[in-house]
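*Asks:* The structure file target.pdb (PDB, C-alpha atoms) is provided below.
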ATOM      1  CA  MET W  21      73.750 111.726  52.935
ATOM      2  CA  THR W  22      75.333 109.915  55.852
ATOM      3  CA  THR W  23      74.576 110.085  59.534
ATOM      4  CA  ASP W  24      76.742 109.263  62.467
ATOM      5  CA  VAL W  25      75.694 106.074  64.188
ATOM      6  CA  ALA W  26      76.194 106.125  67.926
ATOM      7  CA  THR W  27      78.197 103.191  69.156
ATOM      8  CA  ASP W  28      77.605 101.480  72.456
ATOM      9  CA  PRO W  29      80.046 102.579  75.161
ATOM     10  CA  ILE W  30      82.727 100.213  76.376
ATOM     11  CA  LEU W  31      81.631  99.154  79.854
ATOM     12  CA  VAL W  32      84.209  98.894  82.627
ATOM     13  CA  GLY W  33      83.320  97.586  86.058
ATOM     14  CA  LEU W  34      84.780  99.982  88.619
ATOM     15  CA  ARG W  35      85.722  98.403  91.928
ATOM     16  CA  VAL W  36      86.948 100.614  94.784
ATOM     17  CA  ASP W  37      88.877  98.763  97.500
ATOM     18  CA  VAL W  38      88.913 100.568 100.834
ATOM     19  CA  ASP W  39      91.626  98.969 102.922
ATOM     20  CA  THR W  40      92.347 101.389 105.774
ATOM     21  CA  TYR W  41      91.062 103.952 108.250
ATOM     22  CA  ARG W  42      92.673 106.832 106.356
ATOM     23  CA  GLY W  43      91.404 105.546 103.033
ATOM     24  CA  THR W  44      87.871 105.500 104.450
ATOM     25  CA  ARG W  45      88.118 108.894 106.154
ATOM     26  CA  ASP W  46      89.929 110.846 103.424
ATOM     27  CA  GLY W  47      89.933 108.824 100.213
ATOM     28  CA  VAL W  48      86.299 107.730  99.993
ATOM     29  CA  PRO W  49      84.738 111.226 100.271
ATOM     30  CA  ARG W  50      87.158 112.490  97.612
ATOM     31  CA  LEU W  51      86.269 109.641  95.261
ATOM     32  CA  ILE W  52      82.557 110.242  95.791
ATOM     33  CA  GLU W  53      83.106 113.860  94.721
ATOM     34  CA  ILE W  54      85.151 112.916  91.658
ATOM     35  CA  LEU W  55      82.702 110.236  90.518
ATOM     36  CA  ALA W  56      79.801 112.682  90.989
ATOM     37  CA  GLU W  57      81.534 115.118  88.623
ATOM     38  CA  PHE W  58      81.260 112.473  85.886
ATOM     39  CA  ASP W  59      77.865 111.134  87.015
ATOM     40  CA  LEU W  60      79.382 107.685  87.618
ATOM     41  CA  LYS W  61      78.635 104.936  90.120
ATOM     42  CA  ALA W  62      81.038 102.284  91.389
ATOM     43  CA  SER W  63      81.228  99.295  93.733
ATOM     44  CA  PHE W  64      82.887 100.215  97.046
ATOM     45  CA  PHE W  65      84.245  97.279  99.069
ATOM     46  CA  PHE W  66      84.968  98.287 102.659
ATOM     47  CA  SER W  67      87.330  96.893 105.267
ATOM     48  CA  VAL W  68      85.383  97.461 108.453
ATOM     49  CA  GLY W  69      87.280  96.051 111.448
ATOM     50  CA  PRO W  70      90.660  96.935 112.977
ATOM     51  CA  ASP W  71      93.136  98.726 110.727
ATOM     52  CA  ASN W  72      96.332  96.756 111.249
ATOM     53  CA  MET W  73      97.772  97.349 107.790
ATOM     54  CA  GLY W  74     101.059  98.630 109.212
ATOM     55  CA  ARG W  75     101.921  95.073 110.197
ATOM     56  CA  HIS W  76     102.706  94.440 106.537
ATOM     57  CA  LEU W  77     106.018  96.218 107.208
ATOM     58  CA  TRP W  78     107.390  92.865 108.360
ATOM     59  CA  ARG W  79     107.126  91.826 104.700
ATOM     60  CA  LEU W  80     109.954  94.255 103.926
ATOM     61  CA  LEU W  81     112.160  91.280 104.744
ATOM     62  CA  LYS W  82     110.895  89.743 101.496
ATOM     63  CA  PRO W  83     112.806  91.142  98.493
ATOM     64  CA  LYS W  84     109.810  91.320  96.122
ATOM     65  CA  PHE W  85     107.701  93.242  98.624
ATOM     66  CA  LEU W  86     110.562  95.623  99.403
ATOM     67  CA  LEU W  87     111.067  96.232  95.675
ATOM     68  CA  LYS W  88     107.366  97.008  95.233
ATOM     69  CA  MET W  89     107.426  99.469  98.141
ATOM     70  CA  LEU W  90     110.446 101.250  96.684
ATOM     71  CA  ARG W  91     109.124 101.208  93.110
ATOM     72  CA  SER W  92     105.745 102.677  94.071
ATOM     73  CA  LYS W  93     107.284 105.177  96.536
ATOM     74  CA  ALA W  94     104.940 103.784  99.158
ATOM     75  CA  ALA W  95     105.696 106.304 101.919
ATOM     76  CA  SER W  96     104.548 109.236  99.787
ATOM     77  CA  LEU W  97     101.818 107.228  98.059
ATOM     78  CA  TYR W  98     100.107 105.872 101.175
ATOM     79  CA  GLY W  99     101.398 108.033 104.037
ATOM     80  CA  TRP W 100     103.223 106.952 107.169
ATOM     81  CA  ASP W 101     100.004 106.740 109.204
ATOM     82  CA  ILE W 102      98.857 103.892 106.932
ATOM     83  CA  LEU W 103     102.248 102.199 106.786
ATOM     84  CA  LEU W 104     102.543 102.140 110.581
ATOM     85  CA  ARG W 105      98.883 101.604 111.522
ATOM     86  CA  GLY W 106      98.451  98.780 114.024
ATOM     87  CA  THR W 107     102.180  98.314 114.676
ATOM     88  CA  PHE W 108     102.963 100.536 117.656
ATOM     89  CA  TRP W 109      99.362 101.078 118.756
ATOM     90  CA  PRO W 110      96.090  99.129 118.378
ATOM     91  CA  GLY W 111      94.419  99.488 114.989
ATOM     92  CA  ALA W 112      91.313 101.675 114.907
ATOM     93  CA  GLN W 113      87.926 100.024 114.340
ATOM     94  CA  ILE W 114      86.985 101.472 110.951
ATOM     95  CA  ALA W 115      83.212 100.968 110.688
ATOM     96  CA  GLN W 116      82.713 101.830 114.345
ATOM     97  CA  ARG W 117      84.361 105.236 113.931
ATOM     98  CA  LEU W 118      83.637 106.019 110.293
ATOM     99  CA  GLY W 119      80.209 104.538 109.735
ATOM    100  CA  ALA W 120      78.970 107.920 108.499
ATOM    101  CA  VAL W 121      81.341 107.704 105.519
ATOM    102  CA  ILE W 122      80.021 104.257 104.557
ATOM    103  CA  ARG W 123      76.433 105.512 104.836
ATOM    104  CA  ALA W 124      77.273 108.568 102.709
ATOM    105  CA  THR W 125      78.687 106.259 100.021
ATOM    106  CA  ASP W 126      75.480 104.257 100.043
ATOM    107  CA  LYS W 127      73.338 107.419  99.957
ATOM    108  CA  ALA W 128      75.297 108.632  96.914
ATOM    109  CA  GLY W 129      74.019 105.571  95.041
ATOM    110  CA  HIS W 130      77.146 103.436  94.959
ATOM    111  CA  GLU W 131      77.090  99.680  95.474
ATOM    112  CA  ILE W 132      78.427  98.625  98.894
ATOM    113  CA  GLY W 133      80.164  95.317  99.555
ATOM    114  CA  LEU W 134      82.391  93.621 102.111
ATOM    115  CA  HIS W 135      86.134  93.676 101.592
ATOM    116  CA  ALA W 136      87.363  92.358 104.942
ATOM    117  CA  TRP W 137      87.010  92.483 108.691
ATOM    118  CA  ASP W 138      90.764  92.637 109.340
ATOM    119  CA  HIS W 139      92.405  93.276 105.964
ATOM    120  CA  HIS W 140      95.926  92.494 107.193
ATOM    121  CA  ARG W 141      94.948  89.225 108.851
ATOM    122  CA  TRP W 142      92.973  88.062 105.818
ATOM    123  CA  GLN W 143      95.685  88.962 103.324
ATOM    124  CA  SER W 144      98.501  87.384 105.324
ATOM    125  CA  LYS W 145      96.803  84.362 106.910
ATOM    126  CA  VAL W 146      93.613  83.301 105.118
ATOM    127  CA  GLU W 147      95.360  80.490 103.246
ATOM    128  CA  GLN W 148      96.177  78.887 106.618
ATOM    129  CA  MET W 149      92.791  79.560 108.258
ATOM    130  CA  SER W 150      90.333  76.817 109.141
ATOM    131  CA  ALA W 151      86.802  76.883 107.765
ATOM    132  CA  ALA W 152      85.515  78.162 111.119
ATOM    133  CA  MET W 153      88.063  80.976 111.180
ATOM    134  CA  ILE W 154      87.190  82.041 107.644
ATOM    135  CA  GLN W 155      83.493  82.034 108.447
ATOM    136  CA  ARG W 156      84.168  84.102 111.576
ATOM    137  CA  GLU W 157      86.071  86.763 109.604
ATOM    138  CA  ILE W 158      83.234  87.078 107.091
ATOM    139  CA  GLN W 159      80.583  87.071 109.804
ATOM    140  CA  LEU W 160      82.285  89.860 111.761
ATOM    141  CA  GLY W 161      82.550  91.967 108.629
ATOM    142  CA  MET W 162      78.934  91.387 107.651
ATOM    143  CA  GLU W 163      77.695  92.236 111.140
ATOM    144  CA  ALA W 164      79.675  95.486 111.153
ATOM    145  CA  LEU W 165      78.336  96.581 107.748
ATOM    146  CA  THR W 166      74.779  95.567 108.645
ATOM    147  CA  LYS W 167      74.969  97.651 111.804
ATOM    148  CA  VAL W 168      76.169 100.685 109.841
ATOM    149  CA  LEU W 169      73.701 100.400 106.932
ATOM    150  CA  GLY W 170      70.721  98.815 108.624
ATOM    151  CA  ARG W 171      70.658  96.043 106.015
ATOM    152  CA  ARG W 172      72.838  93.258 104.660
ATOM    153  CA  VAL W 173      75.089  93.816 101.684
ATOM    154  CA  SER W 174      74.928  91.352  98.798
ATOM    155  CA  CYS W 175      78.479  91.201  97.427
ATOM    156  CA  SER W 176      82.065  90.764  98.572
ATOM    157  CA  ALA W 177      85.621  91.073  97.281
ATOM    158  CA  ALA W 178      88.449  89.229  99.011
ATOM    159  CA  ALA W 179      91.198  91.428 100.431
ATOM    160  CA  GLY W 180      94.389  91.276  98.386
ATOM    161  CA  TRP W 181      92.769  88.751  95.987
ATOM    162  CA  LYS W 182      93.563  86.109  98.589
ATOM    163  CA  CYS W 183      91.008  83.371  98.168
ATOM    164  CA  THR W 184      90.853  79.585  98.350
ATOM    165  CA  GLU W 185      88.252  76.956  97.559
ATOM    166  CA  GLN W 186      87.455  76.818 101.291
ATOM    167  CA  VAL W 187      86.812  80.567 101.267
ATOM    168  CA  LEU W 188      84.342  80.155  98.411
ATOM    169  CA  LEU W 189      82.526  77.347 100.207
ATOM    170  CA  GLU W 190      82.218  79.478 103.351
ATOM    171  CA  LYS W 191      80.943  82.444 101.343
ATOM    172  CA  GLU W 192      78.102  80.274 100.047
ATOM    173  CA  LYS W 193      76.614  80.482 103.543
ATOM    174  CA  PHE W 194      76.102  84.246 103.266
ATOM    175  CA  GLY W 195      73.918  84.413 100.166
ATOM    176  CA  PHE W 196      75.984  86.866  98.138
ATOM    177  CA  ALA W 197      74.681  87.731  94.666
ATOM    178  CA  TYR W 198      78.250  87.735  93.337
ATOM    179  CA  ASN W 199      81.840  87.828  94.570
ATOM    180  CA  SER W 200      84.971  89.425  93.129
ATOM    181  CA  ASP W 201      87.774  87.407  94.689
ATOM    182  CA  CYS W 202      90.167  86.734  91.854
ATOM    183  CA  ARG W 203      91.924  87.951  88.737
ATOM    184  CA  GLY W 204      90.842  86.590  85.388
ATOM    185  CA  SER W 205      89.112  87.285  82.102
ATOM    186  CA  SER W 206      85.407  86.380  82.288
ATOM    187  CA  VAL W 207      82.492  85.983  84.673
ATOM    188  CA  PHE W 208      82.272  82.379  85.866
ATOM    189  CA  LYS W 209      80.848  80.075  88.530
ATOM    190  CA  PRO W 210      83.577  78.213  90.444
ATOM    191  CA  ARG W 211      82.889  74.482  90.578
ATOM    192  CA  ILE W 212      84.020  73.013  93.916
ATOM    193  CA  LEU W 213      83.246  69.526  95.232
ATOM    194  CA  ASN W 214      80.527  69.081  92.591
ATOM    195  CA  GLN W 215      78.926  72.344  93.718
ATOM    196  CA  ASP W 216      78.408  75.460  91.598
ATOM    197  CA  CYS W 217      79.411  78.445  93.716
ATOM    198  CA  THR W 218      78.277  82.049  93.431
ATOM    199  CA  ALA W 219      79.308  83.920  90.290
ATOM    200  CA  GLN W 220      82.749  85.511  90.307
ATOM    201  CA  ILE W 221      83.491  88.817  88.580
ATOM    202  CA  PRO W 222      87.288  88.749  88.287
ATOM    203  CA  VAL W 223      89.434  91.858  88.026
ATOM    204  CA  THR W 224      90.970  91.955  84.555
ATOM    205  CA  LEU W 225      93.098  95.123  84.643
ATOM    206  CA  PRO W 226      96.244  95.879  86.693
ATOM    207  CA  THR W 227      96.272  98.333  89.590
ATOM    208  CA  TYR W 228      98.348 101.497  89.844
ATOM    209  CA  ASP W 229     100.941  99.967  92.169
ATOM    210  CA  GLU W 230     101.348  96.956  89.865
ATOM    211  CA  MET W 231     102.101  99.124  86.834
ATOM    212  CA  VAL W 232     104.027 102.175  88.002
ATOM    213  CA  GLY W 233     107.792 101.801  87.804
ATOM    214  CA  GLN W 234     107.496  98.715  85.578
ATOM    215  CA  HIS W 235     108.438  98.696  81.882
ATOM    216  CA  GLY W 236     108.823 102.453  81.765
ATOM    217  CA  VAL W 237     105.405 103.271  83.235
ATOM    218  CA  THR W 238     105.318 106.621  85.061
ATOM    219  CA  ASP W 239     102.571 108.969  86.213
ATOM    220  CA  GLU W 240     102.990 110.803  82.922
ATOM    221  CA  ASN W 241     102.072 107.800  80.736
ATOM    222  CA  TYR W 242     100.130 105.628  83.215
ATOM    223  CA  ASN W 243      96.643 106.713  82.126
ATOM    224  CA  GLY W 244      97.422 106.135  78.470
ATOM    225  CA  GLN W 245      98.886 102.700  79.154
ATOM    226  CA  LEU W 246      95.860 101.656  81.222
ATOM    227  CA  LEU W 247      93.296 103.005  78.761
ATOM    228  CA  ALA W 248      94.994 101.051  75.969
ATOM    229  CA  MET W 249      94.203  97.815  77.857
ATOM    230  CA  ILE W 250      90.455  98.493  77.866
ATOM    231  CA  LYS W 251      88.890  96.785  74.859
ATOM    232  CA  PRO W 252      85.371  96.215  73.537
ATOM    233  CA  LYS W 253      83.941  92.688  73.473
ATOM    234  CA  GLN W 254      85.834  91.593  76.593
ATOM    235  CA  LEU W 255      85.262  91.780  80.332
ATOM    236  CA  ASN W 256      86.875  94.970  81.678
ATOM    237  CA  VAL W 257      87.105  95.311  85.470
ATOM    238  CA  LEU W 258      89.337  97.872  87.159
ATOM    239  CA  THR W 259      90.263  98.094  90.827
ATOM    240  CA  ILE W 260      91.265 101.442  92.296
ATOM    241  CA  HIS W 261      92.142 102.063  95.932
ATOM    242  CA  ALA W 262      90.747 104.770  98.186
ATOM    243  CA  GLU W 263      94.251 105.184  99.594
ATOM    244  CA  VAL W 264      95.749 105.860  96.132
ATOM    245  CA  GLU W 265      93.253 107.277  93.624
ATOM    246  CA  GLY W 266      91.297 108.909  96.453
ATOM    247  CA  ILE W 267      94.257 110.701  98.038
ATOM    248  CA  ALA W 268      97.742 110.934  96.524
ATOM    249  CA  LYS W 269      96.674 110.216  92.929
ATOM    250  CA  ALA W 270      93.236 111.868  92.907
ATOM    251  CA  ALA W 271      94.213 114.363  90.190
ATOM    252  CA  LEU W 272      95.612 111.530  88.061
ATOM    253  CA  PHE W 273      92.365 109.580  88.475
ATOM    254  CA  ARG W 274      90.249 112.592  87.491
ATOM    255  CA  GLU W 275      92.329 112.951  84.328
ATOM    256  CA  PHE W 276      91.856 109.217  83.670
ATOM    257  CA  LEU W 277      88.074 109.603  83.802
ATOM    258  CA  GLN W 278      88.204 112.614  81.490
ATOM    259  CA  ARG W 279      90.237 110.720  78.906
ATOM    260  CA  ALA W 280      88.054 107.633  79.270
ATOM    261  CA  ARG W 281      84.935 109.680  78.521
ATOM    262  CA  GLN W 282      86.559 110.977  75.341
ATOM    263  CA  GLN W 283      87.134 107.352  74.316
ATOM    264  CA  HIS W 284      83.491 106.414  74.946
ATOM    265  CA  ILE W 285      84.320 104.324  78.015
ATOM    266  CA  MET W 286      81.642 104.078  80.707
ATOM    267  CA  PHE W 287      82.297 102.924  84.278
ATOM    268  CA  VAL W 288      79.601 100.953  86.121
ATOM    269  CA  PRO W 289      79.165  99.033  89.389
ATOM    270  CA  LEU W 290      80.161  95.393  89.131
ATOM    271  CA  GLN W 291      76.575  94.207  89.595
ATOM    272  CA  GLN W 292      75.778  95.513  86.098
ATOM    273  CA  LEU W 293      78.250  93.028  84.603
ATOM    274  CA  VAL W 294      76.546  89.882  85.921
ATOM    275  CA  PRO W 295      74.781  88.057  83.059
ATOM    276  CA  ALA W 296      71.793  85.766  83.482
ATOM    277  CA  MET W 297      72.801  82.807  85.643
ATOM    278  CA  GLU W 298      72.151  80.272  82.875
ATOM    279  CA  GLN W 299      74.694  82.093  80.695
ATOM    280  CA  ILE W 300      77.563  81.915  83.211
ATOM    281  CA  PRO W 301      80.059  79.104  82.513
ATOM    282  CA  ARG W 302      81.685  77.016  85.201
ATOM    283  CA  GLY W 303      85.337  77.420  86.055
ATOM    284  CA  SER W 304      87.952  76.913  88.722
ATOM    285  CA  ILE W 305      90.548  78.880  90.662
ATOM    286  CA  CYS W 306      94.209  78.546  91.529
ATOM    287  CA  ALA W 307      96.963  80.540  93.237
ATOM    288  CA  GLN W 308      99.662  82.028  91.054
ATOM    289  CA  PRO W 309     101.933  85.108  91.046
ATOM    290  CA  ILE W 310     101.349  88.371  89.215
ATOM    291  CA  ALA W 311     103.855  90.922  87.971
ATOM    292  CA  GLY W 312     104.264  93.803  90.387
ATOM    293  CA  ARG W 313     103.144  91.975  93.550
ATOM    294  CA  GLU W 314     104.833  89.774  96.097
ATOM    295  CA  GLY W 315     103.417  86.304  96.641
ATOM    296  CA  THR W 316     100.455  84.691  94.891
ATOM    297  CA  LEU W 317      96.911  85.791  94.136
ATOM    298  CA  CYS W 318      93.735  83.892  93.334
ATOM    299  CA  TRP W 319      93.292  83.420  89.587
ATOM    300  CA  GLN W 320      90.528  82.137  87.358
ATOM    301  CA  THR W 321      91.697  79.040  85.514
ATOM    302  CA  ARG W 322      89.773  76.468  83.500
ATOM    303  CA  VAL W 323      86.376  77.541  82.140
ATOM    304  CA  VAL W 324      83.903  74.907  80.929
ATOM    305  CA  ASN W 325      80.267  74.938  79.837
TER
END
Now, as a test, write the supplied structure out as structure tokens.

*Replies:*
Amino acid sequence: MTTDVATDPILVGLRVDVDTYRGTRDGVPRLIEILAEFDLKASFFFSVGPDNMGRHLWRLLKPKFLLKMLRSKAASLYGWDILLRGTFWPGAQIAQRLGAVIRATDKAGHEIGLHAWDHHRWQSKVEQMSAAMIQREIQLGMEALTKVLGRRVSCSAAAGWKCTEQVLLEKEKFGFAYNSDCRGSSVFKPRILNQDCTAQIPVTLPTYDEMVGQHGVTDENYNGQLLAMIKPKQLNVLTIHAEVEGIAKAALFREFLQRARQQHIMFVPLQQLVPAMEQIPRGSICAQPIAGREGTLCWQTRVVN
């Protein structure tokens, strides 16, 4: 007589980036509802200052960015209010106007972290910012979230995976339990100027806008392609966006969760993926390109014991 032996689920860290006013207002509540259907929790990283994301339209002058916008059908995916936000009128202060949404996310039991104060400014200029400017951006974001929640948050995720060694050194001043600022393959502690920095939980899986329209990937086969990348015995971290999976692609995301459950895949907040500190190896970061995006992102590089 044989009995079925239950296998441990494959854990996937689920990171929700909230970049815009509309993503906060419309996408976050929808994602909270969808995740509640599956009794799942995630890590929500909020942009909290002015929504100036429309200023990225100037990047249409760059061929790779224009190609990405066309390939992902950005106007229908994000909506014109996002694509033009902060161009012809001042960007709305997100946390100031939509603090109730952030509090509702916290009340629902999700992990809350800082994404950015001004997402556009960070993504387009952080590599040229001075240490004082970087610290100011983080400080403004932390103050806004603290005002909304009545407490400090303990994690952060750099907007657009734009991060430098100077950013990591400035983040050390805020006492985060972990950061998720880069792409990579394993949890590590960046070693900078003979200093071990806070643990990094890198994103390991591609986002929707990086995959769709590439190598034959469409909405019809996207979920299958992404699920095939999730493997046991490796770090699996997925980033979704409130503006995508919470609005235009909400039905696609719900189907993804249904199929993932059938494959014994369990989504968890990133904090559950942090091992004991003595087990985290040291590593380093660098800037390099990624398929499906214009420019460079922060990447995990060398890992040593």

*Asks:* What residues come out when you apply the PyMOL selection byres ((chain W and resi 110-115) around 6) to this file, written as a PDB file with C-alpha atoms, keeping the file's coordinate frame?

*Replies:*
ATOM      1  CA  TYR W  41      91.062 103.952 108.250  1.00  0.00           C
ATOM      2  CA  VAL W  68      85.383  97.461 108.453  1.00  0.00           C
ATOM      3  CA  GLY W  69      87.280  96.051 111.448  1.00  0.00           C
ATOM      4  CA  PRO W  70      90.660  96.935 112.977  1.00  0.00           C
ATOM      5  CA  ASP W  71      93.136  98.726 110.727  1.00  0.00           C
ATOM      6  CA  ASN W  72      96.332  96.756 111.249  1.00  0.00           C
ATOM      7  CA  GLY W 106      98.451  98.780 114.024  1.00  0.00           C
ATOM      8  CA  TRP W 109      99.362 101.078 118.756  1.00  0.00           C
ATOM      9  CA  GLN W 116      82.713 101.830 114.345  1.00  0.00           C
ATOM     10  CA  ARG W 117      84.361 105.236 113.931  1.00  0.00           C
ATOM     11  CA  LEU W 118      83.637 106.019 110.293  1.00  0.00           C
ATOM     12  CA  GLY W 119      80.209 104.538 109.735  1.00  0.00           C
TER      13      GLY W 119
END

*Asks:* In terms of the shortest atom-to-atom distance over all atoms listed in the file, which of W:Ala296, W:Ile158, W:Ile267, W:Leu55 is closest to W:Leu189?

*Replies:*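 Of W:Ala296, W:Ile158, W:Ile267, W:Leu55, the one nearest W:Leu189 is W:Ile158, counting all atoms listed in the file.
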
*Asks:* Please evaluate the PyMOL selection byres ((chain W and resi 286-291) around 7) against the displayed coordinates and give the resulting residues as a PyMOL selection string.

*Replies:* chain W and resi 29-35+60-63+131+281+284-285+292-294

*Asks:* Please evaluate the PyMOL selection byres ((chain W and resi 122) around 12) against the displayed coordinates and give the resulting residues as a ChimeraX atom specification.

*Replies:* /W:38,41,43-49,52,63-68,114-121,123-134,164-170,173

*Asks:* Grab the atom CA of W:His135 to atom CA of W:Asp201 distance for me, in Å with one decimal place.

*Replies:* 9.5 Å

*Asks:* Can you check which parts of stretch 158-245 of chain W lie within 8 Å of stretch 303-320 of chain W? Per residue, the shortest pair of atoms and distance in Å to one decimal, counting only C-alpha atoms, sorted by chain and number, as a Markdown table.

*Replies:*
| residue | atom | partner | partner_atom | distance |
| --- | --- | --- | --- | --- |
| W:Gly180 | CA | W:Leu317 | CA | 7.4 |
| W:Trp181 | CA | W:Leu317 | CA | 5.4 |
| W:Lys182 | CA | W:Leu317 | CA | 5.6 |
| W:Cys183 | CA | W:Cys318 | CA | 5.6 |
| W:Thr184 | CA | W:Cys318 | CA | 7.2 |
| W:Glu185 | CA | W:Ile305 | CA | 7.5 |
| W:Asp201 | CA | W:Cys318 | CA | 7.1 |
| W:Cys202 | CA | W:Cys318 | CA | 4.8 |
| W:Arg203 | CA | W:Trp319 | CA | 4.8 |
| W:Gly204 | CA | W:Gln320 | CA | 4.9 |
| W:Ser205 | CA | W:Gln320 | CA | 7.5 |
| W:Phe208 | CA | W:Gly303 | CA | 5.8 |
| W:Lys209 | CA | W:Gly303 | CA | 5.8 |
| W:Pro210 | CA | W:Gly303 | CA | 4.8 |
| W:Arg211 | CA | W:Ser304 | CA | 5.9 |
| W:Ile212 | CA | W:Ser304 | CA | 7.6 |
| W:Pro222 | CA | W:Gln320 | CA | 7.4 |
| W:Asp229 | CA | W:Gly312 | CA | 7.2 |
| W:Glu230 | CA | W:Gly312 | CA | 4.3 |
| W:Met231 | CA | W:Gly312 | CA | 6.8 |
| W:Gln234 | CA | W:Gly312 | CA | 7.6 |

*Asks:* For W:Glu265, please output as a VMD selection string all residues within 10 Å (counting all atoms listed in the file; exclusion window: fewer than 4 positions along the same chain).

*Replies:* chain W and resid 36 43 47 to 48 50 to 51 97 228 260 to 261 269 to 274

*Asks:* Would you write out those residues with C-alpha atoms, as an mmCIF file, keeping the file's coordinate frame?

*Replies:*
data_model
loop_
_atom_site.group_PDB
_atom_site.id
_atom_site.type_symbol
_atom_site.label_atom_id
_atom_site.label_comp_id
_atom_site.auth_asym_id
_atom_site.auth_seq_id
_atom_site.Cartn_x
_atom_site.Cartn_y
_atom_site.Cartn_z
ATOM 1 C CA VAL W 36 86.948 100.614 94.784
ATOM 2 C CA GLY W 43 91.404 105.546 103.033
ATOM 3 C CA GLY W 47 89.933 108.824 100.213
ATOM 4 C CA VAL W 48 86.299 107.730 99.993
ATOM 5 C CA ARG W 50 87.158 112.490 97.612
ATOM 6 C CA LEU W 51 86.269 109.641 95.261
ATOM 7 C CA LEU W 97 101.818 107.228 98.059
ATOM 8 C CA TYR W 228 98.348 101.497 89.844
ATOM 9 C CA ILE W 260 91.265 101.442 92.296
ATOM 10 C CA HIS W 261 92.142 102.063 95.932
ATOM 11 C CA LYS W 269 96.674 110.216 92.929
ATOM 12 C CA ALA W 270 93.236 111.868 92.907
ATOM 13 C CA ALA W 271 94.213 114.363 90.190
ATOM 14 C CA LEU W 272 95.612 111.530 88.061
ATOM 15 C CA PHE W 273 92.365 109.580 88.475
ATOM 16 C CA ARG W 274 90.249 112.592 87.491
#

*Asks:* Kindly indicate which residue among W:Arg42, W:Gln245, W:Gln155, W:Leu225 lies nearest to W:Ala268, using only C-alpha atoms for the distances.

*Replies:*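 Using only C-alpha atoms, W:Ala268 sits closest to W:Arg42.
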
*Asks:* Could you tell me how far atom CA of W:Pro226 lies from atom CA of W:Leu255, in Å and to one decimal?

*Replies:* 13.3 Å

*Asks:* Could you tell me how far atom CA of W:Val223 sits from atom CA of W:Asp28, in Å to one decimal place?

*Replies:*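 Between these atoms lies a distance of 21.8 Å.
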
*Asks:* Under the rule that all atoms listed in the file are counted, which of W:Lys191, W:His235, W:Arg279, W:Lys253 is the nearest residue to W:Thr218?

*Replies:*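 The closest residue to W:Thr218 is W:Lys191.
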
*Asks:* For stretch 204-217 of chain W, where the input has fewer atoms than it should, I would like N, CA and C atoms rebuilt and written as an mmCIF file, in the coordinates of the input.

*Replies:*
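As written to disk, selection-v2.cif reads:
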data_model
loop_
_atom_site.group_PDB
_atom_site.id
_atom_site.type_symbol
_atom_site.label_atom_id
_atom_site.label_comp_id
_atom_site.auth_asym_id
_atom_site.auth_seq_id
_atom_site.Cartn_x
_atom_site.Cartn_y
_atom_site.Cartn_z
ATOM 1 N N GLY W 204 91.228 87.493 86.459
ATOM 2 C CA GLY W 204 90.842 86.590 85.388
ATOM 3 C C GLY W 204 90.391 87.333 84.158
ATOM 4 N N SER W 205 89.488 86.715 83.385
ATOM 5 C CA SER W 205 89.112 87.285 82.102
ATOM 6 C C SER W 205 87.621 87.224 81.795
ATOM 7 N N SER W 206 86.830 86.488 82.584
ATOM 8 C CA SER W 206 85.407 86.380 82.288
ATOM 9 C C SER W 206 84.634 86.024 83.548
ATOM 10 N N VAL W 207 83.356 86.364 83.552
ATOM 11 C CA VAL W 207 82.492 85.983 84.673
ATOM 12 C C VAL W 207 82.315 84.469 84.648
ATOM 13 N N PHE W 208 82.396 83.834 85.814
ATOM 14 C CA PHE W 208 82.272 82.379 85.866
ATOM 15 C C PHE W 208 81.754 81.937 87.223
ATOM 16 N N LYS W 209 81.283 80.699 87.282
ATOM 17 C CA LYS W 209 80.848 80.075 88.530
ATOM 18 C C LYS W 209 81.877 79.024 88.924
ATOM 19 N N PRO W 210 82.612 79.235 90.018
ATOM 20 C CA PRO W 210 83.577 78.213 90.444
ATOM 21 C C PRO W 210 82.866 76.899 90.782
ATOM 22 N N ARG W 211 83.429 75.811 90.311
ATOM 23 C CA ARG W 211 82.889 74.482 90.578
ATOM 24 C C ARG W 211 83.779 73.816 91.609
ATOM 25 N N ILE W 212 83.231 73.572 92.813
ATOM 26 C CA ILE W 212 84.020 73.013 93.916
ATOM 27 C C ILE W 212 83.248 71.862 94.548
ATOM 28 N N LEU W 213 83.868 70.708 94.632
ATOM 29 C CA LEU W 213 83.246 69.526 95.232
ATOM 30 C C LEU W 213 81.857 69.282 94.645
ATOM 31 N N ASN W 214 81.780 69.319 93.310
ATOM 32 C CA ASN W 214 80.527 69.081 92.591
ATOM 33 C C ASN W 214 79.436 70.095 92.937
ATOM 34 N N GLN W 215 79.863 71.281 93.377
ATOM 35 C CA GLN W 215 78.926 72.344 93.718
ATOM 36 C C GLN W 215 79.254 73.592 92.906
ATOM 37 N N ASP W 216 78.231 74.181 92.284
ATOM 38 C CA ASP W 216 78.408 75.460 91.598
ATOM 39 C C ASP W 216 78.315 76.579 92.620
ATOM 40 N N CYS W 217 79.397 77.347 92.757
ATOM 41 C CA CYS W 217 79.411 78.445 93.716
ATOM 42 C C CYS W 217 78.931 79.735 93.064
#
